[in-house]
file start.cif (mmCIF, C-alpha atoms)
data_query
loop_
_atom_site.label_atom_id
_atom_site.label_comp_id
_atom_site.auth_asym_id
_atom_site.auth_seq_id
_atom_site.Cartn_x
_atom_site.Cartn_y
_atom_site.Cartn_z
CA MET J 21 106.41 121.50 73.06
CA LYS J 22 108.82 120.67 75.85
CA LEU J 23 109.47 123.59 78.19
CA THR J 24 113.04 124.80 78.52
CA LEU J 25 114.69 125.84 81.78
CA PRO J 26 114.17 129.58 81.11
CA GLU J 27 110.48 128.87 80.50
CA LEU J 28 110.02 127.25 83.91
CA ARG J 29 109.13 130.61 85.41
CA ARG J 30 107.65 131.67 88.72
CA ASP J 31 104.86 133.74 87.15
CA THR J 32 103.05 130.81 85.54
CA PRO J 33 101.63 127.97 87.68
CA LEU J 34 103.69 124.85 87.02
CA VAL J 35 101.97 121.48 87.01
CA MET J 36 104.02 118.37 87.69
CA VAL J 37 102.94 114.77 88.19
CA THR J 38 104.87 111.59 88.74
CA ALA J 39 104.94 108.80 86.18
CA TYR J 40 106.68 105.46 86.25
CA ASP J 41 105.87 103.71 82.97
CA TYR J 42 105.06 104.22 79.29
CA PRO J 43 101.24 104.45 79.47
CA GLY J 44 101.32 106.73 82.51
CA ALA J 45 103.78 109.03 80.76
CA GLN J 46 101.61 109.10 77.63
CA GLN J 47 98.59 110.10 79.68
CA ALA J 48 100.52 112.79 81.52
CA GLU J 49 101.85 114.30 78.30
CA ARG J 50 98.45 114.21 76.60
CA ALA J 51 96.98 115.96 79.65
CA GLY J 52 99.45 118.80 79.20
CA MET J 53 101.70 118.43 82.25
CA ASP J 54 104.54 120.96 82.38
CA LEU J 55 106.89 118.50 84.07
CA ILE J 56 106.94 114.80 84.80
CA LEU J 57 108.84 113.41 87.75
CA VAL J 58 110.08 109.84 87.90
CA GLY J 59 110.13 109.89 91.67
CA ASP J 60 111.70 107.32 93.91
CA SER J 61 108.14 107.11 95.22
CA LEU J 62 108.02 104.30 92.66
CA GLY J 63 109.34 102.21 95.55
CA ASN J 64 106.04 102.73 97.41
CA VAL J 65 103.47 102.84 94.63
CA VAL J 66 104.96 100.51 92.00
CA LEU J 67 107.45 98.17 93.66
CA GLY J 68 105.62 97.62 96.94
CA TYR J 69 108.31 98.78 99.36
CA ASP J 70 107.51 100.45 102.67
CA SER J 71 109.83 103.37 101.88
CA THR J 72 111.86 104.89 99.07
CA ALA J 73 115.18 103.72 100.54
CA PRO J 74 115.36 100.36 98.69
CA VAL J 75 115.00 102.00 95.25
CA THR J 76 118.20 101.56 93.25
CA LEU J 77 119.80 103.56 90.50
CA ASP J 78 118.97 100.76 88.05
CA ASP J 79 115.32 100.97 89.12
CA VAL J 80 115.22 104.70 88.36
CA ILE J 81 116.97 104.24 85.03
CA HIS J 82 114.62 101.43 84.00
CA HIS J 83 111.48 103.42 84.76
CA THR J 84 112.77 106.73 83.43
CA ARG J 85 113.56 105.13 80.08
CA ALA J 86 109.97 103.97 79.81
CA VAL J 87 108.62 107.37 80.81
CA ARG J 88 110.78 109.16 78.26
CA ARG J 89 109.45 106.89 75.51
CA GLY J 90 105.92 107.73 76.57
CA ALA J 91 106.49 111.47 76.98
CA PRO J 92 109.16 112.63 74.54
CA ASP J 93 107.93 116.24 74.57
CA THR J 94 107.61 116.90 78.30
CA PHE J 95 110.32 118.21 80.64
CA LEU J 96 111.41 115.11 82.53
CA VAL J 97 112.96 115.07 86.00
CA ALA J 98 114.35 111.91 87.61
CA ASP J 99 115.09 111.36 91.27
CA LEU J 100 118.57 110.34 92.28
CA PRO J 101 117.79 107.56 94.78
CA PHE J 102 119.09 107.21 98.30
CA GLY J 103 122.79 106.39 98.49
CA THR J 104 123.73 107.47 94.99
CA TYR J 105 124.82 111.00 95.94
CA HIS J 106 125.68 110.56 99.62
CA THR J 107 129.04 108.81 99.24
CA GLY J 108 131.05 111.52 97.54
CA LEU J 109 131.02 113.79 94.54
CA ARG J 110 132.56 111.20 92.22
CA ASP J 111 129.76 108.76 92.95
CA ALA J 112 127.15 111.48 92.56
CA MET J 113 128.55 112.59 89.21
CA ARG J 114 128.81 109.00 88.02
CA ALA J 115 125.18 108.32 88.95
CA ALA J 116 124.02 111.55 87.32
CA VAL J 117 125.85 110.79 84.07
CA ARG J 118 124.27 107.34 83.93
CA VAL J 119 120.75 108.69 84.38
CA ILE J 120 121.13 111.48 81.85
CA GLN J 121 122.89 109.35 79.23
CA GLU J 122 120.77 106.23 79.59
CA THR J 123 117.32 107.77 79.98
CA GLY J 124 117.15 111.15 78.24
CA ALA J 125 115.99 112.89 81.42
CA ASP J 126 116.23 116.68 81.32
CA ALA J 127 117.08 117.17 84.98
CA LEU J 128 117.65 115.38 88.27
CA LYS J 129 116.22 115.89 91.76
CA VAL J 130 118.05 115.50 95.07
CA GLU J 131 116.74 115.79 98.61
CA GLY J 132 117.98 117.89 101.49
CA ALA J 133 120.37 120.76 102.07
CA SER J 134 123.27 119.28 103.96
CA PRO J 135 126.72 120.59 102.99
CA GLU J 136 127.30 117.38 101.07
CA VAL J 137 124.05 117.69 99.11
CA LEU J 138 124.72 121.35 98.35
CA ASP J 139 128.13 120.36 96.97
CA VAL J 140 126.39 117.82 94.74
CA ILE J 141 124.03 120.49 93.38
CA ARG J 142 126.99 122.77 92.63
CA VAL J 143 129.10 120.10 90.95
CA LEU J 144 126.26 118.74 88.83
CA GLY J 145 125.29 122.26 87.79
CA ARG J 146 128.84 123.13 86.81
CA ASN J 147 128.89 120.03 84.64
CA GLY J 148 125.68 120.85 82.81
CA VAL J 149 123.18 118.79 84.80
CA PRO J 150 120.15 120.84 85.94
CA VAL J 151 119.13 120.00 89.50
CA MET J 152 115.82 120.41 91.31
CA GLY J 153 116.06 120.65 95.10
CA HIS J 154 113.72 119.21 97.71
CA VAL J 155 113.28 120.42 101.32
CA GLY J 156 110.77 120.02 104.12
CA LEU J 157 109.74 116.41 104.46
CA THR J 158 112.41 114.44 102.60
CA PRO J 159 111.19 110.83 102.26
CA GLN J 160 114.67 109.37 101.77
CA THR J 161 115.55 110.44 105.32
CA GLU J 162 112.08 110.49 106.88
CA VAL J 163 113.10 108.21 109.76
CA SER J 164 115.51 110.85 111.05
CA LEU J 165 112.73 113.45 110.72
CA GLY J 166 110.38 111.47 112.95
CA GLY J 167 108.35 109.87 110.19
CA ARG J 168 105.90 111.27 107.68
CA ARG J 169 104.70 114.32 109.56
CA VAL J 170 104.43 118.04 108.93
CA GLN J 171 107.77 119.81 109.08
CA GLY J 172 108.45 123.40 110.15
CA ARG J 173 105.72 123.97 112.71
CA ASP J 174 107.96 125.52 115.37
CA GLU J 175 110.21 128.55 114.94
CA ASP J 176 113.52 126.71 114.85
CA SER J 177 112.49 124.11 112.28
CA ALA J 178 110.66 126.70 110.18
CA ARG J 179 113.78 128.88 110.06
CA GLN J 180 115.82 125.83 109.14
CA ILE J 181 113.56 125.02 106.19
CA ILE J 182 113.75 128.62 104.97
CA GLU J 183 117.54 128.49 105.21
CA ASN J 184 117.61 125.12 103.45
CA ALA J 185 115.53 126.43 100.56
CA GLN J 186 117.75 129.49 100.22
CA ALA J 187 120.88 127.34 100.35
CA VAL J 188 119.54 125.05 97.63
CA GLN J 189 118.88 128.11 95.46
CA GLU J 190 122.35 129.53 96.10
CA ALA J 191 123.91 126.19 95.22
CA GLY J 192 122.35 126.46 91.75
CA ALA J 193 119.07 124.51 91.80
CA PHE J 194 116.60 125.68 89.14
CA ALA J 195 113.55 124.88 91.33
CA VAL J 196 112.78 123.40 94.72
CA VAL J 197 110.08 121.03 95.95
CA LEU J 198 108.51 121.98 99.29
CA GLU J 199 106.95 118.90 100.90
CA VAL J 200 104.51 118.73 103.81
CA ILE J 201 105.11 122.10 105.43
CA PRO J 202 102.58 124.71 106.63
CA ALA J 203 101.04 126.73 103.82
CA ARG J 204 102.08 130.10 105.26
CA LEU J 205 105.66 128.92 105.68
CA ALA J 206 105.65 127.87 102.02
CA ARG J 207 104.41 131.35 101.16
CA VAL J 208 107.32 132.97 103.03
CA ILE J 209 109.78 130.73 101.20
CA THR J 210 108.19 131.38 97.82
CA GLU J 211 108.32 135.15 98.40
CA ARG J 212 112.00 135.02 99.36
CA LEU J 213 113.26 132.78 96.56
CA GLU J 214 113.90 133.68 92.95
CA ILE J 215 113.52 130.11 91.67
CA PRO J 216 110.12 128.37 91.40
CA THR J 217 108.76 126.47 94.38
CA ILE J 218 106.75 123.33 93.70
CA GLY J 219 104.56 122.18 96.53
CA ILE J 220 103.26 118.83 97.68
CA GLY J 221 101.32 119.22 100.87
CA ALA J 222 102.59 122.80 101.10
CA GLY J 223 99.45 124.79 100.32
CA PRO J 224 98.38 127.07 97.47
CA HIS J 225 101.10 129.73 97.60
CA CYS J 226 103.83 127.81 95.74
CA ASN J 227 104.67 128.49 92.10
CA GLY J 228 103.60 124.99 91.14
CA GLN J 229 102.27 121.71 92.44
CA VAL J 230 103.26 118.06 92.14
CA LEU J 231 101.22 114.97 92.97
CA VAL J 232 101.77 111.24 92.70
CA TYR J 233 100.04 109.72 89.66
CA HIS J 234 98.39 106.99 91.72
CA ASP J 235 96.96 109.53 94.18
CA VAL J 236 95.48 111.70 91.44
CA LEU J 237 93.77 108.70 89.83
CA GLY J 238 92.64 107.00 93.05
CA ILE J 239 94.41 103.76 92.24
CA TYR J 240 94.84 102.83 95.91
CA ASP J 241 92.26 102.98 98.68
CA ASN J 242 94.34 105.11 101.03
CA GLU J 243 93.26 108.73 101.33
CA LYS J 244 95.96 111.38 101.70
CA LYS J 245 95.41 114.88 103.06
CA ILE J 246 98.02 116.31 100.70
CA ALA J 247 96.32 114.94 97.57
CA ARG J 248 93.02 115.20 95.76
CA ARG J 249 91.55 112.13 94.07
CA TYR J 250 90.30 113.10 90.61
CA ALA J 251 89.13 109.59 89.73
CA GLU J 252 88.58 106.21 91.37
CA LEU J 253 90.43 103.98 88.94
CA GLY J 254 91.37 101.48 91.62
CA LYS J 255 87.74 100.62 92.26
CA LEU J 256 86.96 100.56 88.55
CA ALA J 257 89.88 98.24 87.88
CA THR J 258 88.83 95.83 90.63
CA GLU J 259 85.26 95.79 89.36
CA ALA J 260 86.40 95.17 85.78
CA LEU J 261 88.69 92.31 86.79
CA LYS J 262 85.94 90.74 88.90
CA GLN J 263 83.54 90.95 85.95
CA TYR J 264 86.16 89.30 83.73
CA ALA J 265 86.60 86.48 86.22
CA ASP J 266 82.82 85.99 86.50
CA ASP J 267 82.46 85.91 82.70
CA VAL J 268 85.17 83.28 82.29
CA ARG J 269 83.76 81.10 85.06
CA GLY J 270 80.22 81.52 83.74
CA GLY J 271 81.06 80.90 80.09
CA ALA J 272 80.26 84.44 78.96
CA PHE J 273 83.80 85.04 77.73
CA PRO J 274 85.19 84.44 75.21
CA THR J 275 82.35 84.49 72.67
CA ARG J 276 82.34 84.07 68.89
CA GLU J 277 83.20 87.76 68.60
CA ASN J 278 86.45 87.12 70.51
CA SER J 279 87.40 84.02 68.52
CA PHE J 280 89.05 83.32 65.15
CA ILE J 281 87.65 80.92 62.55
CA ILE J 282 89.08 78.17 60.41
CA LYS J 283 87.52 76.89 57.19
CA ASP J 284 85.56 73.65 57.45
CA GLU J 285 87.59 71.96 54.72
CA VAL J 286 90.81 72.70 56.60
CA LEU J 287 89.39 71.47 59.88
CA ASP J 288 88.07 68.25 58.26
CA LYS J 289 91.60 67.32 57.19
CA LEU J 290 92.73 67.43 60.81
CA TYR J 291 90.46 64.57 61.86
#
call {"tool": "encode", "arguments": {"input": "start.cif", "output": "structure tokens"}}
result
Amino acid sequence: MKLTLPELRRDTPLVMVTAYDYPGAQQAERAGMDLILVGDSLGNVVLGYDSTAPVTLDDVIHHTRAVRRGAPDTFLVADLPFGTYHTGLRDAMRAAVRVIQETGADALKVEGASPEVLDVIRVLGRNGVPVMGHVGLTPQTEVSLGGRRVQGRDEDSARQIIENAQAVQEAGAFAVVLEVIPARLARVITERLEIPTIGIGAGPHCNGQVLVYHDVLGIYDNEKKIARRYAELGKLATEALKQYADDVRGGAFPTRENSFIIKDEVLDKLY
């Protein structure tokens, strides 16, 4: 059964994974995920972009619809993509309404803790839209952070991340993602907050963890320190496709077992 907001507690480890399509969502739900995230990481792992910035609201809506059809009984969070909540509260509310109405998502996720983003969290919450926060490494603005590197290693930046997480909580977020920060800093944040923390590259002390579907299944060759590969489906897929190509070129596929028949008397009338 789908978890409700009150059931997303800090005392039970929360497991979240991304999904971007119907079969991936089915697999995630069958595996018993607590939450599924339609992340704007779809720009990197599905659409082939170098960053998440090109992902549009229509992209998120398209993929979230498919995920909801594949996982009707799992708590579903959708990212608001870059630019949809940075140009004013009216635009943010309009984007949020579209995602919720058109996809059936249960909640939305926004990145950062600027005054503008905190206002968005407050306004969406007041209008009945649950919001998950996201601090630390925020991919939508990674260029301004110096690229994809660990955040919060010095005192000033560590204090800033703690303050950001607390501000996100005070603004009304029901949970917060901590991305690519030192494990002991994540522990301090988790101890100070009342809402669940969900880590990705933030160590074992968070209340939950999230990973990208393609990283978990080893669909791409690139290794990531923040992830663990639980399968090597990329290699298996390449091998299977190569075998298919060899079989076609060598005449081993299709065979009689893969073909349909027609009665001789019908065929004779065609000549």
call {"tool": "residues_around", "arguments": {"input": "start.cif", "residues": "stretch 205-212 of chain J", "least_positions_apart": "5", "cutoff": "12 Å", "atoms": "only C-alpha atoms", "output": "PyMOL selection string"}}
result
chain J and resi 30-31+155-156+170-175+177-189+195-200+217-229
call {"tool": "resolve_selection", "arguments": {"input": "start.cif", "expression": "the PyMOL selection byres ((chain J and resi 128) around 7)", "output": "PyMOL selection string"}}
result
chain J and resi 97-100+127+129-130+150-152
call {"tool": "residues_around", "arguments": {"input": "start.cif", "residues": "J:Val87", "least_positions_apart": "2", "cutoff": "7 Å", "atoms": "all atoms listed in the file", "output": "number ranges by chain"}}
result
J: 39-42, 45, 83-85, 89-91
call {"tool": "residues_around", "arguments": {"input": "start.cif", "residues": "stretch 254-266 of chain J", "least_positions_apart": "3", "cutoff": "7 Å", "atoms": "only C-alpha atoms", "output": "list in words"}}
result
Gly238, Ile239, Tyr240, Arg269 and Gly270 of chain J
call {"tool": "resolve_selection", "arguments": {"input": "start.cif", "expression": "the PyMOL selection byres ((chain J and resi 162) around 12)", "output": "list in words"}}
result
Asp70, Ser71, Thr72, Ala73, Phe102, Glu131, Gly132, Val155, Gly156, Leu157, Thr158, Pro159, Gln160, Thr161, Val163, Ser164, Leu165, Gly166, Gly167, Arg168, Arg169, Val170, Gln171, Glu199 and Val200 of chain J
call {"tool": "atom_distance", "arguments": {"input": "start.cif", "atom1": "atom CA of J:Leu287", "atom2": "atom CA of J:Ala272"}}
result
24.8 Å
call {"tool": "resolve_selection", "arguments": {"input": "start.cif", "expression": "the PyMOL selection byres ((chain J and resi 96) around 7)", "output": "JSON list (two decimals) with C-alpha atoms, in the frame of the given file"}}
result
[["chain", "number", "residue", "atom", "x", "y", "z"],
["J", 55, "LEU", "CA", 106.89, 118.50, 84.07],
["J", 56, "ILE", "CA", 106.94, 114.80, 84.80],
["J", 57, "LEU", "CA", 108.84, 113.41, 87.75],
["J", 94, "THR", "CA", 107.61, 116.90, 78.30],
["J", 95, "PHE", "CA", 110.32, 118.21, 80.64],
["J", 97, "VAL", "CA", 112.96, 115.07, 86.00],
["J", 98, "ALA", "CA", 114.35, 111.91, 87.61],
["J", 125, "ALA", "CA", 115.99, 112.89, 81.42],
["J", 126, "ASP", "CA", 116.23, 116.68, 81.32],
["J", 127, "ALA", "CA", 117.08, 117.17, 84.98]]
call {"tool": "atom_distance", "arguments": {"input": "start.cif", "atom1": "atom CA of J:Leu23", "atom2": "atom CA of J:Pro101"}}
result
24.5 Å
call {"tool": "decode", "arguments": {"input": "start.cif", "residues": "stretch 53-182 of chain J", "atoms": "C-alpha atoms", "output": "short mmCIF file (atom, residue, chain, number, x, y, z; two decimals), in the first residue's frame"}}
result
data_model
loop_
_atom_site.label_atom_id
_atom_site.label_comp_id
_atom_site.auth_asym_id
_atom_site.auth_seq_id
_atom_site.Cartn_x
_atom_site.Cartn_y
_atom_site.Cartn_z
CA MET J 53 10.37 0.86 -2.79
CA ASP J 54 8.92 3.32 -0.26
CA LEU J 55 9.18 6.23 -2.67
CA ILE J 56 9.88 6.71 -6.36
CA LEU J 57 11.43 9.90 -7.66
CA VAL J 58 10.99 11.08 -11.22
CA GLY J 59 14.17 13.10 -11.07
CA ASP J 60 15.31 15.65 -13.57
CA SER J 61 18.31 13.31 -13.74
CA LEU J 62 16.27 11.90 -16.62
CA GLY J 63 18.09 14.57 -18.63
CA ASN J 64 21.39 12.74 -18.05
CA VAL J 65 20.38 9.09 -18.01
CA VAL J 66 17.42 9.00 -20.42
CA LEU J 67 17.58 12.03 -22.72
CA GLY J 68 21.35 12.20 -23.17
CA TYR J 69 21.95 15.74 -21.94
CA ASP J 70 25.15 16.79 -20.17
CA SER J 71 23.18 18.30 -17.28
CA THR J 72 19.68 18.54 -15.85
CA ALA J 73 19.21 22.14 -16.98
CA PRO J 74 17.64 21.37 -20.40
CA VAL J 75 14.86 19.24 -18.86
CA THR J 76 11.49 20.90 -19.37
CA LEU J 77 8.25 20.79 -17.46
CA ASP J 78 6.69 18.84 -20.32
CA ASP J 79 9.51 16.29 -20.07
CA VAL J 80 8.82 15.76 -16.37
CA ILE J 81 5.08 15.50 -16.93
CA HIS J 82 5.51 13.00 -19.76
CA HIS J 83 7.76 10.70 -17.74
CA THR J 84 5.86 11.06 -14.47
CA ARG J 85 2.64 9.99 -16.18
CA ALA J 86 4.33 6.81 -17.34
CA VAL J 87 5.80 6.14 -13.90
CA ARG J 88 2.45 6.62 -12.19
CA ARG J 89 0.87 4.07 -14.54
CA GLY J 90 3.61 1.61 -13.66
CA ALA J 91 3.55 2.26 -9.91
CA PRO J 92 0.04 3.23 -8.83
CA ASP J 93 0.62 2.16 -5.22
CA THR J 94 3.94 3.84 -4.44
CA PHE J 95 4.47 7.35 -3.08
CA LEU J 96 5.58 9.32 -6.12
CA VAL J 97 7.73 12.46 -6.06
CA ALA J 98 8.44 14.53 -9.18
CA ASP J 99 11.18 17.09 -9.63
CA LEU J 100 10.23 20.60 -10.62
CA PRO J 101 12.85 21.29 -13.33
CA PHE J 102 15.16 24.25 -13.58
CA GLY J 103 13.40 27.51 -14.40
CA THR J 104 9.90 26.45 -13.42
CA TYR J 105 10.05 27.83 -9.87
CA HIS J 106 12.73 30.50 -10.20
CA THR J 107 10.69 33.18 -11.97
CA GLY J 108 8.10 33.96 -9.32
CA LEU J 109 5.51 32.32 -7.14
CA ARG J 110 2.81 32.45 -9.80
CA ASP J 111 4.96 30.48 -12.22
CA ALA J 112 5.93 28.02 -9.50
CA MET J 113 2.32 27.44 -8.49
CA ARG J 114 1.27 27.08 -12.11
CA ALA J 115 3.98 24.50 -12.75
CA ALA J 116 3.13 22.60 -9.57
CA VAL J 117 -0.58 22.46 -10.43
CA ARG J 118 0.22 21.09 -13.88
CA VAL J 119 2.42 18.31 -12.51
CA ILE J 120 -0.01 17.27 -9.80
CA GLN J 121 -3.10 17.43 -12.01
CA GLU J 122 -1.60 15.85 -15.11
CA THR J 123 0.51 13.09 -13.55
CA GLY J 124 -0.97 12.00 -10.23
CA ALA J 125 2.29 12.65 -8.38
CA ASP J 126 1.98 12.76 -4.60
CA ALA J 127 4.64 15.40 -4.00
CA LEU J 128 7.18 17.64 -5.70
CA LYS J 129 10.88 18.26 -5.08
CA VAL J 130 12.75 21.55 -5.38
CA GLU J 131 16.44 22.29 -4.98
CA GLY J 132 18.18 24.84 -2.80
CA ALA J 133 17.33 27.14 0.08
CA SER J 134 17.46 30.62 -1.35
CA PRO J 135 14.78 33.03 -0.08
CA GLU J 136 12.93 32.55 -3.35
CA VAL J 137 12.96 28.75 -3.09
CA LEU J 138 11.87 28.87 0.55
CA ASP J 139 8.93 31.06 -0.49
CA VAL J 140 8.01 28.44 -3.09
CA ILE J 141 8.03 25.68 -0.46
CA ARG J 142 5.78 27.78 1.79
CA VAL J 143 3.31 28.72 -0.94
CA LEU J 144 3.03 25.20 -2.34
CA GLY J 145 2.57 23.79 1.14
CA ARG J 146 -0.16 26.29 1.98
CA ASN J 147 -1.94 25.22 -1.19
CA GLY J 148 -1.83 21.52 -0.41
CA VAL J 149 1.23 20.47 -2.41
CA PRO J 150 3.74 18.47 -0.32
CA VAL J 151 7.32 19.48 -1.05
CA MET J 152 10.60 17.61 -0.58
CA GLY J 153 13.68 19.81 -0.23
CA HIS J 154 17.17 19.21 -1.58
CA VAL J 155 20.44 20.72 -0.27
CA GLY J 156 24.14 20.06 -0.58
CA LEU J 157 25.07 19.41 -4.17
CA THR J 158 22.14 20.73 -6.21
CA PRO J 159 22.58 19.56 -9.82
CA GLN J 160 20.38 22.29 -11.30
CA THR J 161 22.91 24.88 -10.13
CA GLU J 162 26.06 22.75 -10.02
CA VAL J 163 28.03 25.16 -12.22
CA SER J 164 27.79 27.86 -9.55
CA LEU J 165 28.91 25.29 -6.96
CA GLY J 166 32.08 24.49 -8.86
CA GLY J 167 30.85 21.33 -10.54
CA ARG J 168 29.96 17.91 -9.20
CA ARG J 169 32.12 17.83 -6.09
CA VAL J 170 31.63 17.22 -2.40
CA GLN J 171 29.95 20.12 -0.64
CA GLY J 172 30.40 21.21 2.98
CA ARG J 173 34.00 20.23 3.64
CA ASP J 174 35.04 23.51 5.26
CA GLU J 175 33.41 25.16 8.27
CA ASP J 176 31.64 27.95 6.42
CA SER J 177 30.07 25.76 3.75
CA ALA J 178 29.18 23.06 6.28
CA ARG J 179 27.37 25.63 8.44
CA GLN J 180 25.60 26.92 5.37
CA ILE J 181 24.31 23.46 4.47
CA ILE J 182 23.07 22.93 8.03
#
